[in-house]
Amino acid sequence: MLRHTGKKRNYRHNLRLAILLCFTAGMVNAAGLFAFAVLTTNVTGHAALLAQKLATGDFRAARMVGLWLLLFLVGAFFSSYCVNKTGRFKRWRYVIPILCEISILVMVGSLGHTFDHSIVKTEYFAGSLLFAMGMQNALVSAISGYVVRTTHLTGMFTDLGIDLYTLLSTRQHHQTDIRKKVTLRLVIIFFFLAGGIVGGYAFLRLHYATFYLPASVLVITVFYDLFRIRMLKMVHKVRRAMAALQYPPVG
């Protein structure tokens with residue numbers, strides 16, 4: 001799901017990636033909004049907010065919003081650097097950004113109770129989440145060949161509209177690839193929204209500990225991708241050994 005790129009990557013890899021990481025981003029977005037009154041998975045709204053603060057002369061708030069935009073950008077840059085500069089450790093290139101994201105989510109979950117609604121604390125907590133989401137979005141985009149984007153839905157709704165029109169205007173025997181694209185867009189939208197619902201519902205009961213939930217999903221994702229192949233190989237070896245014991249070679 002995370003290690004395969006280019007020709008080795010298939011539709012199922014992107015589908016699994018969309019399910020897990022869109023769900024994670026949705027939880028972070030909703031929990032961040034409940035906790036800090038900030039949307040932490042995209043920058044479109046923050047660009048408008050920055051313009052509004054500058055227009056009204058609120059330069060202190062404008063500096064804070066500008067910092068958030070910069071942190072999302074730096075997160076994306078850092079993730080891209082990790083993906084492209086791993087050398088002989090290329091198969092583990094996604095591990096560093098995801099471990100950093102897990103660390104940030106755990107930190108926010110552990111220290112969130114110290115949030116006092118001050119501008120400084122809002123900068124720190126919201127900025128940390130924006131940096132983490134910048135990393136995740138760049139990582140997933142690069143790995144999936146810019147097919148999957150997990151932290152916002154504007155592009156997904158646009159692409160879905162285009163694909164639906166193409167699906168309706170294309171002959172039946174040419175629709176297989178388009179149907180897969182539509183399904184993938186719908187999965188991304190559904191699991192982002194589902195993650196948001198779960199994140200909001202959980203925050204009302206767990207408060208800042210809610211951020212441990214997306215961190216746990218990321219841990220499961222890394223574990224699945226790192227050890228699944230090893231476990232399958234081990235199972236195959238055990239099966240071959242059992243078969244050899246059951247049917248020993250003749251002579």
# chains A, B, ... in the order shown; residues from 1 in each chain; ligands from 1
call {"tool": "residues_around", "arguments": {"residues": "Leu129 (chain A)", "least_positions_apart": "6", "cutoff": "8 Å", "atoms": "only C-alpha atoms", "output": "ChimeraX atom specification"}}
result
/A:28,32,40-41,104-105
call {"tool": "residues_around", "arguments": {"residues": "Ser144 (chain A)", "least_positions_apart": "2", "cutoff": "8 Å", "atoms": "only C-alpha atoms", "output": "ChimeraX atom specification"}}
result
/A:5,9,14,140-142,146-148
call {"tool": "write_last_selection", "arguments": {"atoms": "N, CA and C atoms", "output": "PDB file, in the first residue's frame"}}
result
ATOM      1  N   THR A   5       5.255   1.750  -5.831  1.00  0.00           N
ATOM      2  CA  THR A   5       5.075   2.944  -6.636  1.00  0.00           C
ATOM      3  C   THR A   5       5.212   2.585  -8.106  1.00  0.00           C
ATOM      4  N   ARG A   9       2.453  -0.429  -8.593  1.00  0.00           N
ATOM      5  CA  ARG A   9       1.278  -0.009  -7.841  1.00  0.00           C
ATOM      6  C   ARG A   9       0.009  -0.353  -8.608  1.00  0.00           C
ATOM      7  N   ASN A  14      -4.129   1.828  -3.934  1.00  0.00           N
ATOM      8  CA  ASN A  14      -4.673   3.177  -3.764  1.00  0.00           C
ATOM      9  C   ASN A  14      -5.961   3.165  -2.951  1.00  0.00           C
ATOM     10  N   VAL A 140       1.247  10.868   0.505  1.00  0.00           N
ATOM     11  CA  VAL A 140       0.248  10.059  -0.187  1.00  0.00           C
ATOM     12  C   VAL A 140       0.175  10.436  -1.663  1.00  0.00           C
ATOM     13  N   SER A 141       0.254  11.722  -1.959  1.00  0.00           N
ATOM     14  CA  SER A 141       0.208  12.167  -3.353  1.00  0.00           C
ATOM     15  C   SER A 141       1.370  11.597  -4.154  1.00  0.00           C
ATOM     16  N   ALA A 142       2.567  11.650  -3.576  1.00  0.00           N
ATOM     17  CA  ALA A 142       3.749  11.157  -4.279  1.00  0.00           C
ATOM     18  C   ALA A 142       3.696   9.652  -4.473  1.00  0.00           C
ATOM     19  N   TYR A 146      -0.066  10.910  -7.494  1.00  0.00           N
ATOM     20  CA  TYR A 146      -0.971  12.067  -7.480  1.00  0.00           C
ATOM     21  C   TYR A 146      -2.408  11.676  -7.807  1.00  0.00           C
ATOM     22  N   VAL A 147      -2.761  10.438  -7.474  1.00  0.00           N
ATOM     23  CA  VAL A 147      -4.129   9.965  -7.655  1.00  0.00           C
ATOM     24  C   VAL A 147      -4.938  10.166  -6.380  1.00  0.00           C
ATOM     25  N   VAL A 148      -4.317   9.901  -5.224  1.00  0.00           N
ATOM     26  CA  VAL A 148      -4.999  10.006  -3.936  1.00  0.00           C
ATOM     27  C   VAL A 148      -4.484  11.232  -3.186  1.00  0.00           C
TER      28      VAL A 148
END
call {"tool": "select_by_dssp", "arguments": {"residues": "region 3-205 of chain A", "states": "helix (DSSP H, G or I)", "output": "VMD selection string"}}
result
chain A and resid 6 to 8 11 to 36 44 to 55 59 to 84 87 to 92 95 to 114 119 to 143 154 to 168 172 to 174 176 to 205
call {"tool": "residues_around", "arguments": {"residues": "region 194-205 of chain A", "least_positions_apart": "6", "cutoff": "9 Å", "atoms": "only C-alpha atoms", "output": "list in words"}}
result
Cys22, Phe23, Thr24, Ala25, Gly26, Met27, Val28, Asn29, Ala30, Ala31, Gly32, Leu33, Phe34, Ala35, Phe211, Leu213 and Pro214 of chain A
call {"tool": "closest_residue", "arguments": {"among": "A:Lys53, A:Arg16, A:His113, A:Lys85", "to": "Phe191 (chain A)", "atoms": "only C-alpha atoms"}}
result
A:Arg16
call {"tool": "closest_residue", "arguments": {"among": "A:Val108, A:Leu206, A:Val222, A:Ala126", "to": "Tyr94 (chain A)", "atoms": "only C-alpha atoms"}}
result
A:Val222
call {"tool": "atom_distance", "arguments": {"atom1": "CA of Ser80 (chain A)", "atom2": "CA of Ile96 (chain A)"}}
result
10.9 Å
call {"tool": "closest_residue", "arguments": {"among": "A:His173, A:Val217, A:Arg60, A:Leu186", "to": "Asp159 (chain A)", "atoms": "only C-alpha atoms"}}
result
A:Leu186
